[in-house]
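Note: the block below is coords.csv and it holds CSV, C-alpha atoms.
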chain,number,residue,atom,x,y,z
Q,1,MET,CA,-29.4,19.8,15.3
Q,2,SER,CA,-27.6,16.7,14.3
Q,3,ALA,CA,-27.3,13.6,16.5
Q,4,GLY,CA,-23.9,12.4,15.3
Q,5,ALA,CA,-20.7,11.9,17.4
Q,6,LEU,CA,-19.6,14.9,19.3
Q,7,ASP,CA,-16.4,16.6,18.0
Q,8,ARG,CA,-13.7,16.6,20.6
Q,9,SER,CA,-13.2,20.4,20.5
Q,10,VAL,CA,-17.0,21.0,20.7
Q,11,ARG,CA,-17.0,18.7,23.7
Q,12,SER,CA,-14.3,20.6,25.5
Q,13,VAL,CA,-16.0,23.9,24.8
Q,14,VAL,CA,-19.2,22.6,26.3
Q,15,LEU,CA,-17.4,21.1,29.3
Q,16,ARG,CA,-15.7,24.4,30.0
Q,17,GLN,CA,-19.0,26.4,29.7
Q,18,GLY,CA,-20.8,24.0,32.0
Q,19,LEU,CA,-18.1,23.9,34.6
Q,20,SER,CA,-17.6,27.7,34.7
Q,21,VAL,CA,-21.3,28.2,35.1
Q,22,GLY,CA,-21.2,25.6,37.8
Q,23,VAL,CA,-18.4,27.4,39.7
Q,24,ALA,CA,-19.9,30.9,39.2
Q,25,THR,CA,-23.4,29.8,40.4
Q,26,GLY,CA,-22.2,27.5,43.1
Q,27,ALA,CA,-20.1,30.3,44.6
Q,28,TYR,CA,-23.1,32.2,45.6
Q,29,GLY,CA,-24.4,29.2,47.5
Q,30,VAL,CA,-22.3,30.8,50.3
Q,31,SER,CA,-24.7,33.8,50.1
Q,32,PHE,CA,-27.7,31.5,50.4
Q,33,GLY,CA,-26.3,29.5,53.3
Q,34,ALA,CA,-25.4,32.7,55.2
Q,35,LEU,CA,-28.8,34.3,54.6
Q,36,ALA,CA,-30.7,31.0,55.5
Q,37,VAL,CA,-29.1,30.9,59.0
Q,38,ALA,CA,-29.5,34.6,59.4
Q,39,ALA,CA,-33.2,34.1,58.6
Q,40,GLY,CA,-33.5,31.6,61.6
Q,41,LEU,CA,-33.2,28.3,59.8
Q,42,ASP,CA,-30.7,25.7,61.2
Q,43,VAL,CA,-27.8,24.2,59.1
Q,44,TRP,CA,-29.8,21.1,58.2
Q,45,GLN,CA,-32.8,23.0,57.1
Q,46,ALA,CA,-30.6,25.3,54.9
Q,47,MET,CA,-28.9,22.2,53.5
Q,48,ALA,CA,-32.3,20.5,52.8
Q,49,LEU,CA,-33.4,23.5,50.8
Q,50,SER,CA,-30.3,23.3,48.6
Q,51,ALA,CA,-30.4,19.6,48.2
Q,52,LEU,CA,-34.2,19.1,47.7
Q,53,MET,CA,-35.6,22.4,46.5
Q,54,PHE,CA,-32.5,23.1,44.4
Q,55,THR,CA,-33.6,26.3,42.6
Q,56,GLY,CA,-31.8,29.4,43.7
Q,57,GLY,CA,-34.4,32.0,43.2
Q,58,SER,CA,-37.0,30.0,45.0
Q,59,GLN,CA,-34.6,29.4,47.9
Q,60,PHE,CA,-33.7,33.0,48.3
Q,61,ALA,CA,-37.4,34.0,48.2
Q,62,PHE,CA,-38.2,31.3,50.8
Q,63,VAL,CA,-35.6,32.4,53.3
Q,64,GLY,CA,-36.3,36.1,52.7
Q,65,ILE,CA,-39.9,35.6,53.7
Q,66,VAL,CA,-39.4,33.3,56.7
Q,67,ALA,CA,-36.8,35.8,58.0
Q,68,GLY,CA,-39.9,37.7,59.1
Q,69,GLY,CA,-41.1,34.7,61.3
Q,70,MET,CA,-42.5,31.3,60.7
Q,71,SER,CA,-46.0,32.7,60.6
Q,72,ALA,CA,-45.1,33.7,57.0
Q,73,ALA,CA,-44.3,30.1,56.0
Q,74,PRO,CA,-47.4,29.7,53.7
Q,75,ALA,CA,-46.4,32.9,51.9
Q,76,ALA,CA,-42.8,31.6,51.7
Q,77,ILE,CA,-44.0,28.3,50.1
Q,78,ALA,CA,-46.3,30.3,47.7
Q,79,ALA,CA,-43.5,32.6,46.6
Q,80,SER,CA,-40.9,29.8,46.1
Q,81,SER,CA,-43.5,27.8,44.2
Q,82,MET,CA,-44.5,30.6,41.9
Q,83,LEU,CA,-40.8,31.2,41.1
Q,84,GLY,CA,-40.4,27.5,40.6
Q,85,ILE,CA,-43.0,27.5,37.8
Q,86,ARG,CA,-40.3,28.7,35.4
Q,87,ASN,CA,-38.4,25.4,35.9
Q,88,GLY,CA,-41.5,23.6,34.8
Q,89,LEU,CA,-41.5,25.8,31.7
Q,90,TYR,CA,-37.8,25.0,31.0
Q,91,ALA,CA,-38.7,21.3,31.4
Q,92,LEU,CA,-41.2,21.6,28.6
Q,93,GLU,CA,-38.4,22.6,26.3
Q,94,LEU,CA,-35.8,20.2,27.7
Q,95,THR,CA,-37.8,17.0,27.8
Q,96,GLN,CA,-37.7,16.5,24.0
Q,97,LEU,CA,-34.1,17.5,23.8
Q,98,LEU,CA,-32.9,15.1,26.5
Q,99,GLY,CA,-35.0,12.1,25.6
Q,100,VAL,CA,-34.7,10.3,28.9
Q,101,ARG,CA,-37.0,8.0,30.7
Q,102,GLY,CA,-37.4,6.5,34.2
Q,103,LEU,CA,-34.9,7.4,36.9
Q,104,ARG,CA,-32.8,9.5,34.6
Q,105,ARG,CA,-35.9,11.5,33.9
Q,106,LEU,CA,-36.3,12.1,37.6
Q,107,ALA,CA,-32.7,13.2,37.8
Q,108,ALA,CA,-33.2,15.5,34.8
Q,109,ALA,CA,-36.2,17.0,36.4
Q,110,HIS,CA,-34.3,17.7,39.6
Q,111,LEU,CA,-31.5,19.4,37.7
Q,112,THR,CA,-33.9,21.5,35.6
Q,113,ILE,CA,-32.8,25.1,36.6
Q,114,ASP,CA,-31.9,28.4,34.9
Q,115,GLU,CA,-28.3,27.5,34.4
Q,116,SER,CA,-28.5,24.0,33.0
Q,117,THR,CA,-31.3,25.1,30.7
Q,118,ALA,CA,-29.3,28.1,29.5
Q,119,VAL,CA,-26.2,26.1,28.7
Q,120,ALA,CA,-28.3,23.4,27.0
Q,121,MET,CA,-30.2,25.8,24.9
Q,122,GLY,CA,-27.0,27.6,23.9
Q,123,GLN,CA,-25.7,24.6,21.9
Q,124,ARG,CA,-26.3,23.9,18.2
Q,125,ASP,CA,-25.9,20.1,18.4
Q,126,VAL,CA,-28.3,17.8,20.3
Q,127,ARG,CA,-25.4,15.9,21.8
Q,128,ALA,CA,-23.7,19.1,22.9
Q,129,ALA,CA,-26.9,20.3,24.4
Q,130,ARG,CA,-27.4,17.1,26.4
Q,131,LEU,CA,-23.8,17.2,27.6
Q,132,GLY,CA,-24.2,20.9,28.5
Q,133,PHE,CA,-27.3,20.1,30.5
Q,134,TRP,CA,-25.9,17.3,32.5
Q,135,VAL,CA,-22.4,18.9,33.1
Q,136,THR,CA,-23.9,22.2,34.2
Q,137,GLY,CA,-26.7,20.7,36.3
Q,138,ALA,CA,-24.4,18.3,38.1
Q,139,SER,CA,-21.6,20.9,38.7
Q,140,VAL,CA,-24.1,23.5,39.9
Q,141,TYR,CA,-25.7,20.9,42.2
Q,142,LEU,CA,-22.4,19.7,43.8
Q,143,LEU,CA,-21.0,23.2,44.3
Q,144,TRP,CA,-24.3,24.9,45.3
Q,145,ASN,CA,-24.7,22.3,48.1
Q,146,ALA,CA,-21.1,22.4,49.2
Q,147,MET,CA,-21.1,26.2,49.2
Q,148,THR,CA,-24.4,26.3,51.1
Q,149,LEU,CA,-22.8,24.3,53.8
Q,150,VAL,CA,-19.8,26.7,53.9
Q,151,GLY,CA,-22.2,29.7,54.1
Q,152,THR,CA,-24.2,28.2,57.0
Q,153,LEU,CA,-21.0,27.5,58.9
Q,154,LEU,CA,-19.5,30.9,58.2
Q,155,GLY,CA,-22.8,32.6,58.6
Q,156,ASN,CA,-22.4,33.3,62.3
Q,157,ALA,CA,-18.7,34.0,62.0
Q,158,ILE,CA,-19.1,36.6,59.3
Q,159,GLY,CA,-22.0,38.3,61.1
Q,160,ASP,CA,-24.6,40.2,59.1
Q,161,PRO,CA,-24.3,39.0,55.4
Q,162,ARG,CA,-25.3,42.5,54.4
Q,163,THR,CA,-21.9,43.8,55.7
Q,164,TRP,CA,-20.3,41.8,52.9
Q,165,GLY,CA,-22.9,42.7,50.3
Q,166,LEU,CA,-24.3,39.2,50.1
Q,167,ASP,CA,-27.8,40.4,49.7
Q,168,ALA,CA,-26.7,42.6,46.8
Q,169,ALA,CA,-24.9,39.5,45.3
Q,170,ALA,CA,-28.3,37.9,44.9
Q,171,CYS,CA,-29.7,41.0,43.2
Q,172,ALA,CA,-26.7,41.1,40.9
Q,173,ALA,CA,-27.0,37.4,40.1
Q,174,PHE,CA,-30.7,37.8,39.1
Q,175,THR,CA,-29.7,40.8,37.0
Q,176,ALA,CA,-27.1,38.7,35.2
Q,177,LEU,CA,-29.7,35.9,34.6
Q,178,LEU,CA,-32.2,38.5,33.3
Q,179,TRP,CA,-29.8,40.3,31.1
Q,180,PRO,CA,-29.4,37.9,28.2
Q,181,ARG,CA,-33.2,37.6,27.9
Q,182,LEU,CA,-33.6,41.4,27.2
Q,183,ARG,CA,-32.7,41.1,23.5
Q,184,SER,CA,-36.1,42.2,22.1
Q,185,ARG,CA,-38.0,45.4,22.7
Q,186,GLU,CA,-41.0,43.3,23.8
Q,187,ALA,CA,-38.9,41.6,26.5
Q,188,VAL,CA,-37.6,44.9,27.8
Q,189,GLY,CA,-41.2,46.2,28.0
Q,190,ILE,CA,-42.3,43.1,29.9
Q,191,ALA,CA,-39.4,43.4,32.3
Q,192,ALA,CA,-40.1,47.1,32.9
Q,193,ALA,CA,-43.8,46.5,33.5
Q,194,ALA,CA,-43.1,43.6,35.9
Q,195,ALA,CA,-40.6,45.6,37.9
Q,196,VAL,CA,-43.0,48.6,38.1
Q,197,VAL,CA,-45.9,46.4,39.1
Q,198,ALA,CA,-43.8,44.5,41.7
Q,199,VAL,CA,-42.6,47.7,43.4
Q,200,ALA,CA,-46.0,49.3,43.2
Q,201,VAL,CA,-47.9,46.5,45.0
Q,202,SER,CA,-45.1,45.7,47.5
Q,203,PRO,CA,-46.3,48.1,50.3
Q,204,THR,CA,-49.7,46.5,50.4
Q,205,LEU,CA,-49.0,42.8,49.9
Q,206,PRO,CA,-47.2,40.2,52.0
Q,207,PRO,CA,-43.5,39.6,51.0
Q,208,GLY,CA,-43.2,37.3,48.0
Q,209,ILE,CA,-46.6,37.9,46.6
Q,210,PRO,CA,-45.7,41.0,44.6
Q,211,VAL,CA,-43.4,38.8,42.4
Q,212,VAL,CA,-46.3,36.5,41.7
Q,213,VAL,CA,-48.6,39.4,40.8
Q,214,ALA,CA,-45.9,40.9,38.5
Q,215,ALA,CA,-45.5,37.6,36.7
Q,216,LEU,CA,-49.0,38.2,35.3
Q,217,THR,CA,-47.4,40.9,33.0
Q,218,ALA,CA,-46.1,37.9,31.0
Q,219,LEU,CA,-49.6,37.6,29.7
Q,220,LEU,CA,-48.9,40.9,27.8
Q,221,ALA,CA,-46.7,38.8,25.5
Q,222,GLY,CA,-49.7,36.8,24.5
Q,223,ARG,CA,-51.4,39.9,23.3
Q,224,ALA,CA,-48.6,41.5,21.4
Q,225,PRO,CA,-48.4,40.3,17.8
Q,226,ARG,CA,-44.9,39.2,16.9
Q,227,ARG,CA,-43.3,41.5,14.4
Q,228,PRO,CA,-42.5,39.8,11.1
Q,229,PRO,CA,-38.8,39.1,10.6
Q,230,THR,CA,-37.2,41.8,8.5
I,1,MET,CA,-46.2,25.7,60.5
I,2,SER,CA,-42.8,24.2,61.7
I,3,PRO,CA,-39.7,25.2,59.8
I,4,TRP,CA,-39.2,21.6,58.7
I,5,SER,CA,-42.7,21.1,57.3
I,6,ALA,CA,-42.3,24.4,55.4
I,7,VAL,CA,-38.9,23.3,54.0
I,8,LEU,CA,-40.2,19.9,52.9
I,9,VAL,CA,-43.5,21.1,51.4
I,10,GLY,CA,-41.8,23.9,49.5
I,11,SER,CA,-39.2,21.4,48.2
I,12,ALA,CA,-41.9,18.9,47.2
I,13,VAL,CA,-43.7,21.6,45.2
I,14,ALA,CA,-40.5,22.7,43.6
I,15,PHE,CA,-39.7,19.2,42.4
I,16,ALA,CA,-43.3,18.5,41.3
I,17,LEU,CA,-43.2,21.7,39.1
I,18,LYS,CA,-40.0,20.6,37.5
I,19,LEU,CA,-41.3,17.0,36.9
I,20,ALA,CA,-44.7,18.2,35.6
I,21,GLY,CA,-42.9,20.1,32.8
I,22,HIS,CA,-41.1,16.9,31.8
I,23,LEU,CA,-44.4,15.0,31.7
I,24,VAL,CA,-46.8,17.5,29.9
I,25,PRO,CA,-47.7,16.2,26.4
I,26,ARG,CA,-46.1,18.5,23.9
I,27,ALA,CA,-49.4,18.9,21.9
I,28,LEU,CA,-50.8,21.1,24.8
I,29,LEU,CA,-48.1,23.7,24.2
I,30,GLU,CA,-48.2,24.1,20.5
I,31,GLY,CA,-50.1,27.4,20.3
I,32,ALA,CA,-48.1,30.4,19.3
I,33,ARG,CA,-49.8,32.5,21.9
I,34,THR,CA,-49.0,30.0,24.7
I,35,ARG,CA,-45.4,29.9,23.6
I,36,ARG,CA,-45.0,33.6,23.7
I,37,VAL,CA,-46.5,33.8,27.3
I,38,THR,CA,-44.3,30.9,28.6
I,39,ALA,CA,-41.2,32.5,27.0
I,40,ALA,CA,-42.0,35.8,28.6
I,41,LEU,CA,-42.6,34.4,32.1
I,42,PRO,CA,-39.0,34.1,33.2
I,43,VAL,CA,-38.4,37.7,32.1
I,44,ALA,CA,-41.3,39.0,34.2
I,45,LEU,CA,-40.3,36.9,37.2
I,46,LEU,CA,-36.6,37.8,37.2
I,47,ALA,CA,-37.4,41.5,36.6
I,48,ALA,CA,-39.8,41.5,39.5
I,49,LEU,CA,-37.3,39.7,41.7
I,50,VAL,CA,-34.5,42.2,40.9
I,51,ALA,CA,-36.9,45.2,41.5
I,52,THR,CA,-38.3,44.0,44.8
I,53,GLN,CA,-34.9,42.9,46.2
I,54,ALA,CA,-33.1,46.0,45.0
I,55,VAL,CA,-35.5,48.9,45.8
I,56,THR,CA,-38.0,47.8,48.5
I,57,GLY,CA,-37.2,47.9,52.2
I,58,ALA,CA,-38.9,46.8,55.4
I,59,GLY,CA,-42.7,46.7,54.9
I,60,GLY,CA,-42.3,46.8,51.2
I,61,SER,CA,-41.9,50.5,50.8
I,62,PRO,CA,-39.6,51.7,48.1
I,63,VAL,CA,-36.0,52.7,49.2
I,64,LEU,CA,-32.9,53.6,47.4
I,65,ASP,CA,-29.9,52.1,49.2
I,66,ALA,CA,-26.6,50.2,48.5
I,67,ARG,CA,-28.5,47.4,46.8
I,68,ALA,CA,-29.8,49.6,44.0
I,69,ALA,CA,-26.3,50.9,43.5
I,70,ALA,CA,-25.1,47.3,43.3
I,71,VAL,CA,-27.6,46.5,40.6
I,72,ALA,CA,-26.5,49.6,38.6
I,73,VAL,CA,-22.9,48.4,38.8
I,74,ALA,CA,-23.9,44.9,37.8
I,75,ALA,CA,-25.7,46.4,34.8
I,76,VAL,CA,-22.6,48.3,33.8
I,77,ALA,CA,-20.5,45.1,34.2
I,78,LEU,CA,-23.0,43.3,32.0
I,79,LEU,CA,-22.8,46.0,29.3
I,80,LEU,CA,-19.1,45.5,29.4
I,81,ARG,CA,-19.7,41.7,28.8
I,82,ALA,CA,-18.2,40.8,32.2
I,83,PRO,CA,-18.6,37.1,33.1
I,84,PHE,CA,-21.4,36.0,35.5
I,85,LEU,CA,-19.1,35.6,38.6
I,86,LEU,CA,-17.5,39.0,38.1
I,87,VAL,CA,-21.0,40.6,37.9
I,88,VAL,CA,-22.0,39.0,41.2
I,89,VAL,CA,-18.7,40.0,42.9
I,90,ALA,CA,-18.9,43.5,41.6
I,91,GLY,CA,-22.5,43.9,42.9
I,92,ALA,CA,-21.5,42.5,46.4
I,93,ALA,CA,-18.4,44.6,46.5
I,94,THR,CA,-20.3,47.8,45.6
I,95,ALA,CA,-22.9,47.2,48.4
I,96,ALA,CA,-20.2,46.2,50.9
I,97,GLY,CA,-18.0,49.2,50.1
I,98,LEU,CA,-20.9,51.7,50.3
I,99,ARG,CA,-22.0,50.3,53.6
I,100,ALA,CA,-18.4,50.4,55.0
I,101,LEU,CA,-18.5,54.1,54.1
I,102,GLY,CA,-21.7,54.5,56.1
I,103,TRP,CA,-24.2,54.7,53.3
I,104,GLN,CA,-27.0,52.1,53.8

Kindly return the structure encoded in the file as structure tokens.
Amino acid sequence: MSAGALDRSVRSVVLRQGLSVGVATGAYGVSFGALAVAAGLDVWQAMALSALMFTGGSQFAFVGIVAGGMSAAPAAIAASSMLGIRNGLYALELTQLLGVRGLRRLAAAHLTIDESTAVAMGQRDVRAARLGFWVTGASVYLLWNAMTLVGTLLGNAIGDPRTWGLDAAACAAFTALLWPRLRSREAVGIAAAAAVVAVAVSPTLPPGIPVVVAALTALLAGRAPRRPPT
Amino acid sequence: MSPWSAVLVGSAVAFALKLAGHLVPRALLEGARTRRVTAALPVALLAALVATQAVTGAGGSPVLDARAAAVAVAAVALLLRAPFLLVVVAGAATAAGLRALGWQ
């Protein structure tokens, strides 16, 4: 990666990528807002999750679990936290790339999510990667929060979000986030193992915990020797 | 636990996890084995999420319903290199359509 001035055409490509990811991801904030109010949270609590937790997978897991009643709140926090661990892992990669300190580092931490990381990591140039991170992170943040509000307000008007397939929208979105990671046979194996483990333990464990147990299959990657490049 | 305390504690942990990653000294993560595990974690988490949300019902027992069909359609859309938003809309439309036809 070079740190020279960013070419104008590269700049517009990165801006387009970041903004389109922002629009695509922000759109399903509607789904989150609608599910949050259906789960019994009020508009402000749903908005607080989008503004403060700001990590879609964790937010969906959280409201999915508290939908069963507030007695499940500790399990909801455990599940959203386990899912949030991956943001910490992204941060490990991003912190060197972004090279920020102080308040900007706090802002970078808050915007460290799947989408901003993916766009940043997809660039060849360090300046393009930084631009991609900030544009994607900021546009997802603004749209995700705006669309969460729309979802909470429409929530009661549109009735059961399942009628509109909004629960399936979340499944499809996770599938789309998983997809580009399934390039190696090892990744496919880990994904399959995690899916089987999660479904197998679901009947016996509280909601949210099966995902945490299944995450342990990632340890398999530590065992498997990496094949030499051909 | 009140809804507000759950929301705020969950959010505080989420931010702390993000920030922690930005503050960990790089030297701690140099091992090849550690790197392979950290790279595999998102794959395992996302696969487990898709599986539990698509094919488990109330009480966690396995069910095949409109959500599983939606994930299948999403996978086909991804194979055809559809953009993210189209994949999400196709998944939602599949589930909504099947439910409108009376299939849960």

*Just the residues within 10 Å of I:Val9, please, counting all atoms listed in the file, with nothing from its chain fewer than 3 positions along; format it as an MDAnalysis selection string.*
(chainID Q and resid 53 74 77 81) or (chainID I and resid 4:6 12:15)

_Here is a test: counting all atoms listed in the file, which residue of Q:Gly64, Q:Pro210, Q:Gly137, Q:Gly88 is nearest to chain I?_
Q:Gly88

*For I:Val43, list every protein, DNA or RNA residue within 9 Å, evaluated using all atoms listed in the file, and leave out those in the same chain fewer than 5 positions away; present the list as a list in words.*
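Residues meeting the cut-off are Leu178, Arg181, Leu182, Ala187, Val188, Ile190, Ala191, Ala194, Ala215 and Ala218 of chain Q; Ala48 of chain I.
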
*asked:* For a test of reading the model, state the distance in Å between atom CA of Q:Leu83 and atom CA of Q:Phe60, rounded to one decimal.
replied: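 So the two atoms, atom CA of Q:Leu83 and atom CA of Q:Phe60, lie 10.3 Å apart.
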
_Residue among Q:Ala67, Q:Leu92, Q:Ala170, Q:Ala61 lying closest to I:Val71, counting all atoms listed in the file_ =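 Counting all atoms listed in the file, the residue closest to I:Val71 is Q:Ala170.
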
*Show which residues sit within 12 Å of I:Ala92, as a PyMOL selection string. Count only C-alpha atoms, and ignore same-chain residues fewer than 5 positions away.*
(chain Q and resi 28+31+161-173) or (chain I and resi 66-74+85-87+97-99)

*asked:* So that I can see what lies close to Q:Leu41, please list as a list in words the residues with an atom at most 10 Å from it, counting all atoms listed in the file and leaving out residues fewer than 4 positions away in the same chain.
replied: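 Surrounding residues, per the criterion: Gly33, Leu35, Ala36, Val37, Gln45, Ala46, Met47, Val63, Val66, Ala67, Met70 and Thr152 of chain Q; Pro3, Trp4 and Val7 of chain I.
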
*Which residue, I:Arg35, I:Ser2, I:Leu19, I:Gly57, has the smallest gap to Q:Gly40 when you use all atoms listed in the file?*
I:Ser2

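If all atoms listed in the file are the atoms counted, then among Q:Gly102, Q:Phe54, Q:Gly22, Q:Ala129 the closest residue to Q:Leu6 is Q:Ala129.
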
*Fewer than 6 positions away in the same chain doesn't count, so skip those; otherwise give me all residues within 10 Å of Q:Gly189, counting all atoms listed in the file, as a PyMOL selection string.*
(chain Q and resi 182+195+217+220-221) or (chain I and resi 43-44)

Please complete stretch 81-99 of chain I with N, CA, C and O atoms and give it back as a JSON list (two decimals), in the frame of the given file.
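This is the output file part_15.json:
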[["chain", "number", "residue", "atom", "x", "y", "z"],
["I", 81, "ARG", "N", -19.79, 43.18, 29.10],
["I", 81, "ARG", "CA", -19.70, 41.70, 28.80],
["I", 81, "ARG", "C", -18.83, 41.00, 29.88],
["I", 81, "ARG", "O", -18.08, 40.07, 29.57],
["I", 82, "ALA", "N", -18.94, 41.44, 31.12],
["I", 82, "ALA", "CA", -18.20, 40.80, 32.20],
["I", 82, "ALA", "C", -18.87, 39.38, 32.41],
["I", 82, "ALA", "O", -20.07, 39.20, 32.21],
["I", 83, "PRO", "N", -18.05, 38.38, 32.81],
["I", 83, "PRO", "CA", -18.60, 37.10, 33.10],
["I", 83, "PRO", "C", -19.49, 37.09, 34.37],
["I", 83, "PRO", "O", -19.36, 38.00, 35.19],
["I", 84, "PHE", "N", -20.36, 36.09, 34.47],
["I", 84, "PHE", "CA", -21.40, 36.00, 35.50],
["I", 84, "PHE", "C", -20.75, 36.24, 36.93],
["I", 84, "PHE", "O", -21.24, 37.08, 37.69],
["I", 85, "LEU", "N", -19.67, 35.51, 37.24],
["I", 85, "LEU", "CA", -19.10, 35.60, 38.60],
["I", 85, "LEU", "C", -18.61, 37.01, 38.90],
["I", 85, "LEU", "O", -18.80, 37.52, 40.00],
["I", 86, "LEU", "N", -18.00, 37.66, 37.89],
["I", 86, "LEU", "CA", -17.50, 39.00, 38.10],
["I", 86, "LEU", "C", -18.66, 39.98, 38.37],
["I", 86, "LEU", "O", -18.55, 40.89, 39.21],
["I", 87, "VAL", "N", -19.78, 39.78, 37.67],
["I", 87, "VAL", "CA", -21.00, 40.60, 37.90],
["I", 87, "VAL", "C", -21.45, 40.50, 39.32],
["I", 87, "VAL", "O", -21.72, 41.50, 40.00],
["I", 88, "VAL", "N", -21.51, 39.26, 39.80],
["I", 88, "VAL", "CA", -22.00, 39.00, 41.20],
["I", 88, "VAL", "C", -21.03, 39.63, 42.19],
["I", 88, "VAL", "O", -21.45, 40.30, 43.14],
["I", 89, "VAL", "N", -19.73, 39.43, 41.97],
["I", 89, "VAL", "CA", -18.70, 40.00, 42.90],
["I", 89, "VAL", "C", -18.75, 41.49, 42.89],
["I", 89, "VAL", "O", -18.69, 42.14, 43.94],
["I", 90, "ALA", "N", -18.87, 42.07, 41.70],
["I", 90, "ALA", "CA", -18.90, 43.50, 41.60],
["I", 90, "ALA", "C", -20.12, 44.11, 42.35],
["I", 90, "ALA", "O", -20.01, 45.12, 43.05],
["I", 91, "GLY", "N", -21.26, 43.42, 42.22],
["I", 91, "GLY", "CA", -22.50, 43.90, 42.90],
["I", 91, "GLY", "C", -22.26, 43.80, 44.44],
["I", 91, "GLY", "O", -22.56, 44.76, 45.17],
["I", 92, "ALA", "N", -21.74, 42.67, 44.92],
["I", 92, "ALA", "CA", -21.50, 42.50, 46.40],
["I", 92, "ALA", "C", -20.50, 43.53, 46.87],
["I", 92, "ALA", "O", -20.70, 44.16, 47.92],
["I", 93, "ALA", "N", -19.41, 43.73, 46.11],
["I", 93, "ALA", "CA", -18.40, 44.60, 46.50],
["I", 93, "ALA", "C", -18.89, 46.08, 46.60],
["I", 93, "ALA", "O", -18.53, 46.84, 47.51],
["I", 94, "THR", "N", -19.74, 46.44, 45.65],
["I", 94, "THR", "CA", -20.30, 47.80, 45.60],
["I", 94, "THR", "C", -21.13, 48.03, 46.92],
["I", 94, "THR", "O", -20.95, 49.04, 47.61],
["I", 95, "ALA", "N", -22.01, 47.08, 47.23],
["I", 95, "ALA", "CA", -22.90, 47.20, 48.40],
["I", 95, "ALA", "C", -22.01, 47.23, 49.69],
["I", 95, "ALA", "O", -22.20, 48.06, 50.58],
["I", 96, "ALA", "N", -21.06, 46.29, 49.76],
["I", 96, "ALA", "CA", -20.20, 46.20, 50.90],
["I", 96, "ALA", "C", -19.40, 47.49, 51.12],
["I", 96, "ALA", "O", -19.28, 48.02, 52.23],
["I", 97, "GLY", "N", -18.86, 47.99, 50.01],
["I", 97, "GLY", "CA", -18.00, 49.20, 50.10],
["I", 97, "GLY", "C", -18.85, 50.41, 50.51],
["I", 97, "GLY", "O", -18.43, 51.18, 51.39],
["I", 98, "LEU", "N", -20.05, 50.56, 49.94],
["I", 98, "LEU", "CA", -20.90, 51.70, 50.30],
["I", 98, "LEU", "C", -21.30, 51.63, 51.77],
["I", 98, "LEU", "O", -21.33, 52.63, 52.47],
["I", 99, "ARG", "N", -21.60, 50.41, 52.23],
["I", 99, "ARG", "CA", -22.00, 50.30, 53.60],
["I", 99, "ARG", "C", -20.83, 50.53, 54.57],
["I", 99, "ARG", "O", -21.01, 51.11, 55.65]]
